[in-house]
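Enquirer: Here you go, this is entry_10.txt (compact mmCIF, C-alpha atoms).
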# COMPACT_ATOMS: atom_id res chain seq x y z
CA MET A 1 132.71 50.37 83.35
CA THR A 2 135.39 48.20 82.03
CA THR A 3 136.81 44.98 83.27
CA PRO A 4 140.51 44.91 83.90
CA SER A 5 142.28 42.91 81.29
CA THR A 6 145.35 40.85 81.84
CA SER A 7 147.26 42.84 79.29
CA THR A 8 147.10 45.98 81.39
CA THR A 9 148.74 44.37 84.40
CA THR A 10 151.42 42.39 82.68
CA ALA A 11 154.82 43.80 81.93
CA PRO A 12 155.54 44.01 78.24
CA THR A 13 157.83 41.37 76.92
CA SER A 14 157.86 42.31 73.28
CA GLY A 15 159.83 45.08 71.74
CA GLU A 16 163.43 45.90 72.57
CA ALA A 17 163.95 48.92 74.81
CA GLY A 18 164.09 51.99 72.66
CA SER A 19 161.77 50.56 70.02
CA VAL A 20 158.42 52.09 69.16
CA ARG A 21 156.67 48.99 70.45
CA ALA A 22 158.50 49.12 73.77
CA GLU A 23 157.66 52.79 74.13
CA GLN A 24 153.99 52.15 73.50
CA ASP A 25 153.92 49.28 75.99
CA ALA A 26 155.55 51.49 78.62
CA LEU A 27 153.07 54.28 77.91
CA GLN A 28 150.23 51.80 78.42
CA LEU A 29 151.63 51.00 81.87
CA ALA A 30 151.94 54.70 82.63
CA LEU A 31 148.36 55.18 81.52
CA ALA A 32 147.22 52.38 83.81
CA ALA A 33 149.04 54.06 86.70
CA GLU A 34 147.40 57.39 85.84
CA HIS A 35 143.96 55.74 85.79
CA ALA A 36 144.66 54.37 89.26
CA ALA A 37 145.86 57.77 90.49
CA VAL A 38 142.74 59.55 89.24
CA TRP A 39 140.57 56.99 90.99
CA GLY A 40 142.69 56.91 94.13
CA TYR A 41 142.62 60.65 94.65
CA GLY A 42 138.85 60.40 94.92
CA THR A 43 139.40 58.28 97.99
CA VAL A 44 142.11 60.60 99.29
CA GLY A 45 139.79 63.60 99.03
CA ALA A 46 136.89 61.82 100.64
CA ALA A 47 139.02 61.12 103.70
CA LEU A 48 139.97 64.74 104.20
CA ALA A 49 137.92 67.47 105.77
CA GLU A 50 136.25 69.93 103.48
CA GLY A 51 138.48 72.95 103.10
CA THR A 52 141.65 70.88 103.09
CA ARG A 53 141.22 69.34 99.70
CA ALA A 54 142.80 71.93 97.45
CA GLU A 55 145.98 69.89 97.05
CA VAL A 56 143.91 66.84 96.18
CA VAL A 57 141.93 68.71 93.56
CA LEU A 58 145.10 69.95 91.90
CA ALA A 59 146.77 66.54 91.98
CA GLN A 60 143.74 64.73 90.64
CA GLN A 61 143.40 67.24 87.82
CA ALA A 62 147.08 66.84 86.96
CA HIS A 63 146.68 63.08 86.70
CA ARG A 64 143.46 63.45 84.72
CA ASP A 65 145.18 65.75 82.25
CA LEU A 66 148.11 63.38 81.94
CA ARG A 67 145.81 60.39 81.50
CA ASP A 68 144.00 62.13 78.67
CA ARG A 69 147.24 63.22 77.03
CA VAL A 70 148.74 59.73 77.08
CA ALA A 71 145.53 58.19 75.79
CA GLU A 72 145.54 60.65 72.92
CA LEU A 73 149.19 59.92 72.15
CA LEU A 74 148.42 56.22 71.93
CA ARG A 75 145.34 56.77 69.79
CA ALA A 76 147.34 58.96 67.44
CA ALA A 77 149.77 56.07 67.07
CA GLY A 78 146.95 53.68 66.24
CA VAL A 79 147.04 51.96 69.62
CA ASP A 80 143.93 51.34 71.69
CA PRO A 81 144.65 52.88 75.12
CA VAL A 82 144.05 50.74 78.19
CA ALA A 83 140.86 51.58 80.02
CA SER A 84 140.37 52.27 83.67
CA SER A 85 139.46 49.26 85.77
CA ALA A 86 135.93 48.87 87.01
CA ALA A 87 137.15 48.95 90.58
CA TYR A 88 140.33 49.07 92.58
CA ALA A 89 141.15 47.66 95.98
CA LEU A 90 142.87 49.92 98.44
CA PRO A 91 146.25 48.78 99.71
CA PHE A 92 145.20 49.64 103.27
CA PRO A 93 142.16 51.14 105.00
CA VAL A 94 141.90 54.90 104.58
CA LEU A 95 140.33 56.10 107.80
CA SER A 96 142.17 59.31 108.59
CA ALA A 97 143.98 62.25 107.06
CA VAL A 98 147.27 60.48 107.64
CA ASP A 99 145.98 57.37 105.86
CA ALA A 100 144.83 59.57 103.00
CA ALA A 101 148.25 61.16 102.69
CA ALA A 102 149.88 57.74 102.74
CA LEU A 103 147.59 56.61 99.94
CA ALA A 104 148.51 59.70 97.95
CA VAL A 105 152.18 58.78 98.42
CA THR A 106 151.44 55.31 97.06
CA LEU A 107 149.67 56.77 94.05
CA GLU A 108 152.42 59.24 93.26
CA ASP A 109 155.18 56.70 93.77
CA GLY A 110 153.36 54.31 91.44
CA THR A 111 153.14 56.87 88.67
CA THR A 112 156.78 57.88 89.19
CA VAL A 113 157.91 54.28 88.72
CA ALA A 114 155.82 54.06 85.57
CA TRP A 115 157.23 57.28 84.11
CA VAL A 116 160.82 56.35 84.90
CA TYR A 117 160.14 53.08 83.10
CA VAL A 118 158.92 55.10 80.12
CA LEU A 119 162.26 56.90 80.20
CA ASP A 120 163.98 53.53 80.08
CA GLN A 121 161.91 52.29 77.16
CA ALA A 122 161.16 55.39 75.10
CA ALA A 123 162.21 55.71 71.49
CA ALA A 124 161.30 59.37 70.98
CA ARG A 125 162.83 62.43 72.59
CA ASP A 126 159.38 64.00 73.02
CA THR A 127 158.26 60.96 74.99
CA ARG A 128 161.29 61.22 77.28
CA GLU A 129 160.50 64.90 77.81
CA LEU A 130 156.95 64.03 78.83
CA ALA A 131 158.22 61.28 81.09
CA VAL A 132 160.84 63.30 82.96
CA THR A 133 158.38 66.15 83.44
CA SER A 134 155.71 63.79 84.71
CA ALA A 135 158.07 61.92 87.04
CA SER A 136 159.33 65.19 88.47
CA ALA A 137 155.84 66.54 89.08
CA ALA A 138 154.81 63.30 90.76
CA GLU A 139 157.87 63.36 93.04
CA VAL A 140 157.18 66.97 94.05
CA ARG A 141 153.64 65.97 95.04
CA ALA A 142 154.93 62.85 96.78
CA VAL A 143 157.30 64.94 98.91
CA SER A 144 154.38 66.98 100.20
CA TRP A 145 152.26 63.91 100.91
CA ARG A 146 155.11 62.08 102.66
CA ALA A 147 155.42 65.02 105.04
CA GLN A 148 151.70 64.94 105.73
CA ALA A 149 151.84 61.19 106.25
CA GLY A 150 154.68 61.56 108.74
CA GLN A 151 157.08 59.59 106.55
CA THR A 152 160.80 60.26 106.60
CA PRO A 153 162.78 61.14 104.70
CA VAL A 154 160.31 63.07 102.62
CA THR A 155 162.67 63.24 99.66
CA SER A 156 164.18 60.49 97.58
CA ALA A 157 167.54 60.33 95.83
CA THR A 158 166.32 58.38 92.84
CA PRO A 159 162.51 58.23 92.80
CA GLY A 160 161.12 55.51 90.60
CA LEU A 161 164.33 53.52 90.84
CA GLY A 162 164.40 52.85 94.55
CA GLY A 163 166.99 54.29 96.86
CA MET B 1 135.02 56.91 105.07
CA SER B 2 135.30 53.51 103.61
CA ALA B 3 136.47 52.56 100.21
CA PRO B 4 134.27 50.76 97.75
CA ALA B 5 134.71 47.06 98.14
CA PRO B 6 136.03 45.42 95.01
CA PRO B 7 134.31 42.32 93.71
CA PRO B 8 136.19 39.30 94.99
CA GLY B 9 138.83 38.15 92.62
CA GLU B 10 138.21 40.88 90.11
CA ALA B 11 139.48 44.25 91.19
CA PRO B 12 143.16 44.93 90.98
CA ALA B 13 144.49 46.63 94.06
CA VAL B 14 145.87 50.10 93.66
CA THR B 15 149.17 48.63 94.65
CA ARG B 16 148.76 45.88 92.14
CA ARG B 17 147.73 48.25 89.42
CA ALA B 18 150.08 51.10 90.09
CA LEU B 19 152.92 49.41 91.85
CA LEU B 20 152.96 46.14 90.02
CA VAL B 21 154.89 48.21 87.60
CA ALA B 22 157.52 48.63 90.28
CA GLY B 23 157.79 44.99 91.16
CA VAL B 24 158.09 43.87 87.58
CA LEU B 25 160.19 46.66 86.22
CA LEU B 26 162.50 47.73 89.01
CA PRO B 27 164.96 44.87 88.71
CA GLY B 28 165.76 45.88 85.16
CA LEU B 29 166.00 49.54 85.98
CA LEU B 30 168.17 48.94 89.00
CA ALA B 31 170.62 47.07 86.84
CA VAL B 32 172.04 50.34 85.61
CA GLY B 33 175.33 50.98 87.26
CA CYS B 34 175.48 47.53 88.70
CA SER B 35 177.63 46.16 85.93
CA THR B 36 180.64 47.38 84.10
CA ASP B 37 179.53 45.53 81.00
CA GLU B 38 178.15 47.78 78.34
CA PRO B 39 174.56 46.84 77.79
CA ALA B 40 173.38 46.42 74.24
CA GLY B 41 170.59 48.09 72.32
CA ALA B 42 169.12 51.18 73.86
CA ASP B 43 171.87 51.34 76.49
CA ALA B 44 174.75 51.60 74.07
CA VAL B 45 176.51 54.95 74.37
CA THR B 46 178.45 56.92 71.82
CA PRO B 47 181.75 58.68 72.59
CA ALA B 48 179.83 61.95 72.65
CA GLN B 49 177.45 60.52 75.24
CA VAL B 50 180.40 59.38 77.38
CA ASP B 51 181.53 62.99 77.38
CA GLN B 52 178.03 64.13 78.24
CA LEU B 53 177.84 61.67 81.12
CA ALA B 54 181.14 63.06 82.38
CA GLY B 55 179.53 66.47 82.24
CA GLN B 56 176.62 65.30 84.35
CA LEU B 57 179.05 63.76 86.81
CA ALA B 58 180.72 67.15 87.12
CA VAL B 59 177.33 68.82 87.66
CA GLN B 60 176.57 66.43 90.49
CA GLU B 61 180.02 66.79 92.02
CA GLN B 62 179.55 70.55 92.04
CA LEU B 63 176.21 70.11 93.76
CA VAL B 64 177.74 67.90 96.46
CA THR B 65 180.38 70.57 96.97
CA ALA B 66 177.69 73.24 97.11
CA PHE B 67 175.99 71.40 99.95
CA ALA B 68 179.28 71.19 101.86
CA THR B 69 180.00 74.86 101.31
CA ALA B 70 176.52 75.91 102.41
CA PHE B 71 176.67 73.70 105.49
CA ALA B 72 180.04 75.15 106.46
CA ALA B 73 178.50 78.59 106.33
CA SER B 74 175.25 77.77 108.09
CA ALA B 75 175.03 75.29 110.93
CA GLU B 76 171.30 75.76 110.95
CA LEU B 77 171.04 74.69 107.34
CA ALA B 78 173.43 71.78 107.95
CA ALA B 79 171.16 70.51 110.69
CA ALA B 80 168.00 70.95 108.69
CA ALA B 81 169.11 69.62 105.33
CA SER B 82 171.68 66.92 106.03
CA VAL B 83 169.49 64.25 104.43
CA LEU B 84 169.42 66.23 101.20
CA ALA B 85 173.21 66.28 101.09
CA THR B 86 173.31 62.55 101.75
CA GLN B 87 170.93 61.96 98.88
CA ALA B 88 172.97 64.18 96.58
CA GLY B 89 175.94 61.99 97.40
CA GLU B 90 173.92 58.86 96.64
CA GLN B 91 172.96 60.34 93.29
CA LEU B 92 176.60 61.03 92.55
CA GLU B 93 177.49 57.45 93.34
CA ARG B 94 174.76 56.12 91.05
CA LEU B 95 176.03 58.32 88.25
CA ARG B 96 179.58 57.07 88.77
CA GLN B 97 178.36 53.49 88.60
CA ALA B 98 176.45 54.22 85.41
CA ALA B 99 179.44 55.90 83.79
CA PRO B 100 182.46 53.90 84.93
CA THR B 101 184.60 55.12 82.05
CA ALA B 102 183.66 58.77 82.37
CA THR B 103 186.00 61.08 84.19
CA THR B 104 185.34 64.64 85.09
CA SER B 105 187.68 67.23 83.68
CA ALA B 106 188.20 69.12 86.89
CA ALA B 107 188.20 68.23 90.53
CA PRO B 108 185.38 69.85 92.44
CA ALA B 109 186.37 72.80 94.52
CA ALA B 110 186.83 72.08 98.17
CA PRO B 111 184.29 73.70 100.43
CA SER B 112 185.44 76.61 102.45
CA SER B 113 186.19 75.54 105.99
CA ALA B 114 185.79 79.04 107.34
CA PRO B 115 182.25 80.07 108.10
CA ALA B 116 181.17 83.08 106.15
CA VAL B 117 181.25 86.17 108.31
CA ALA B 118 177.82 87.64 108.84
CA ALA B 119 176.45 85.35 106.18
CA ASP B 120 172.73 85.63 105.78
CA PRO B 121 171.29 82.14 106.41
CA ALA B 122 168.38 82.89 104.15
CA ALA B 123 170.72 83.89 101.35
CA ILE B 124 172.81 80.76 101.80
CA ARG B 125 169.70 78.65 101.64
CA ALA B 126 168.43 80.48 98.58
CA THR B 127 171.76 80.03 96.83
CA LEU B 128 171.80 76.32 97.59
CA ARG B 129 168.22 75.98 96.39
CA ALA B 130 169.12 77.64 93.11
CA GLN B 131 172.05 75.23 92.70
CA VAL B 132 169.77 72.25 93.33
CA ALA B 133 167.28 73.55 90.77
CA ALA B 134 170.02 74.16 88.23
CA ALA B 135 171.37 70.64 88.66
CA ALA B 136 167.85 69.22 88.26
CA THR B 137 167.39 71.13 85.02
CA SER B 138 170.78 70.00 83.76
CA HIS B 139 170.06 66.30 84.42
CA ALA B 140 166.53 66.56 83.00
CA THR B 141 167.85 68.13 79.83
CA ALA B 142 170.66 65.61 79.51
CA CYS B 143 168.35 62.64 79.93
CA LEU B 144 166.64 63.56 76.66
CA ASP B 145 169.86 62.79 74.79
CA PHE B 146 170.09 59.25 76.18
CA THR B 147 168.05 56.12 75.85
CA GLY B 148 167.53 53.17 78.12
CA ALA B 149 168.76 52.90 81.67
CA ARG B 150 170.93 56.01 81.55
CA ALA B 151 167.96 58.12 80.49
CA ALA B 152 166.00 56.59 83.34
CA LEU B 153 168.74 57.31 85.86
CA LEU B 154 169.27 60.91 84.80
CA GLY B 155 165.52 61.53 84.77
CA SER B 156 165.09 59.93 88.17
CA ILE B 157 167.86 62.05 89.67
CA ALA B 158 166.29 65.15 88.12
CA ALA B 159 162.97 64.22 89.72
CA GLY B 160 164.65 63.65 93.07
CA LEU B 161 166.28 67.06 92.93
CA ARG B 162 162.96 68.69 92.05
CA GLY B 163 161.62 67.19 95.24
CA GLN B 164 164.59 68.52 97.18
CA ASP B 165 164.14 71.97 95.69
CA GLY B 166 160.88 72.53 97.55
CA GLN B 167 162.45 71.49 100.85
CA LEU B 168 164.87 74.38 100.59
CA ALA B 169 162.14 76.99 100.05
Kindly return the structure encoded in the file as structure tokens.
Expert:
Amino acid sequence: MTTPSTSTTTAPTSGEAGSVRAEQDALQLALAAEHAAVWGYGTVGAALAEGTRAEVVLAQQAHRDLRDRVAELLRAAGVDPVASSAAYALPFPVLSAVDAAALAVTLEDGTTVAWVYVLDQAAARDTRELAVTSASAAEVRAVSWRAQAGQTPVTSATPGLGG
Amino acid sequence: MSAPAPPPGEAPAVTRRALLVAGVLLPGLLAVGCSTDEPAGADAVTPAQVDQLAGQLAVQEQLVTAFATAFAASAELAAAASVLATQAGEQLERLRQAAPTATTSAAPAAPSSAPAVAADPAAIRATLRAQVAAAATSHATACLDFTGARAALLGSIAAGLRGQDGQLA
């Protein structure tokens, strides 16, 4: 297990937006959000009855795949990818299916913000393509979880940007 | 079930880990469209990009019109999907703010005020869904040609429309 480092929870200050350095810093933040999502979906699934976890399994696998892809991208660029934290604290108690859905919303919204930030900072077209695809997939999942959590509206005009 | 307790003072909260990004980064991202000054660096746009932004404005205007047309033809759909139309309008406004110098080449067509006779509500809904999906694809594709805040805005709108798409299934 790794210990969370300060660098993984601090917004990058170096590298102008659109530079390679800025893109890599943004990808590190996205990777940190994906680590949290993979971990968090374990908690989401544990709070749901057996037989109702198919959506969780799919979502967790999607985040796991994305985590691995981003880590590989960073390694290929000679950057050491941020590691998962040893532990995470839940933002609220997860004691019911509704709580679990609300946690899933938090996880998806967090990754959406991170991927929209990658769009803002990216230097490469391929990176923007990955980011817009990832943000869209996260928002689609978030819509489903917001409905299950009883949140309205279930859709968002500009996910990852607020509003 | 209960979540594993983090060691005091060590574990970052999920919100801190995943949403700290939001707290730190949102102010900068939200700045797009909030100023008429042209930002420097990654946010600088070429004349060709101004034209492309105008194109995306037209796409969004057509989508807003599509919602109005569909709602005029189906009261049921209007009641069920009004929030989607509101959000499409919000997206249009954000695009206008981000492209203050861009003008669309043609005014959007006015929605028909006469309800379609014997219109199939399912067909109207399916048509609107296809228009939402097409707009999402258009914005997602366009965002690849931009950098900085405009890329973020176009990508965010595309993501929002992907979420809307499923609501019209």
Enquirer: With only C-alpha atoms as the basis for distance, which of A:Ala137, A:Ala32, A:Val105, A:Val154 is at the shortest distance from Pro91 (chain A)?
Expert: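 Among A:Ala137, A:Ala32, A:Val105, A:Val154, it is A:Val105 that comes nearest to Pro91 (chain A).
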Enquirer: Could you check how far CA of Glu108 (chain A) sits from CA of Arg125 (chain B), in Å to one decimal?
Expert: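 About the pair CA of Glu108 (chain A) and CA of Arg125 (chain B): they are 27.3 Å apart.
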Enquirer: Sorted by chain and rising residue number, list the residues of chain A at most 6 Å from chain B (counting all atoms listed in the file), each with its closest atom pair and distance in Å to one decimal, as CSV.
Expert:
residue,atom,partner,partner_atom,distance
A:Ala17,CA,B:Ala42,CA,5.7
A:Gly18,CA,B:Ala42,CA,5.2
A:Ala33,CA,B:Ala18,CA,4.6
A:Ala47,CA,B:Met1,CA,6.0
A:Ala87,CA,B:Ala11,CA,5.3
A:Tyr88,CA,B:Ala13,CA,5.0
A:Ala89,CA,B:Ala13,CA,4.0
A:Leu90,CA,B:Val14,CA,5.6
A:Pro91,CA,B:Thr15,CA,5.8
A:Gly110,CA,B:Ala18,CA,4.8
A:Val113,CA,B:Ala22,CA,5.9
A:Val116,CA,B:Ala152,CA,5.4
A:Leu119,CA,B:Ala152,CA,4.9
A:Asp120,CA,B:Gly148,CA,4.1
A:Gln121,CA,B:Gly148,CA,5.8
A:Arg125,CA,B:Leu144,CA,5.7
A:Arg128,CA,B:Leu144,CA,5.9
A:Val132,CA,B:Gly155,CA,5.3
A:Ser136,CA,B:Ala159,CA,4.0
A:Glu139,CA,B:Gly163,CA,5.8
A:Val140,CA,B:Gly163,CA,4.6
A:Ser156,CA,B:Gly160,CA,5.5
A:Ala157,CA,B:Gln87,CA,4.8
A:Thr158,CA,B:Ser156,CA,5.1
A:Pro159,CA,B:Ser156,CA,5.6
Enquirer: Please compute the CA of Ala77 (chain A)-CA of Asp25 (chain A) distance, one decimal, in Å.
Expert: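 Taking CA of Ala77 (chain A) as the start and CA of Asp25 (chain A) as the end point, the length is 12.0 Å.
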Enquirer: Which residues, written as a PyMOL selection string, have at least one atom at most 12 Å from Leu58 (chain A), with all atoms listed in the file counted and residues fewer than 4 positions away on the same chain left out?
Expert: chain A and resi 38+41-42+45+52-54+62-65+137-138+141
Enquirer: How many Å separate CA of Ala58 (chain B) from CA of Ala70 (chain B)?
Expert: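 Rounded to one decimal, the two atoms are 18.1 Å apart.
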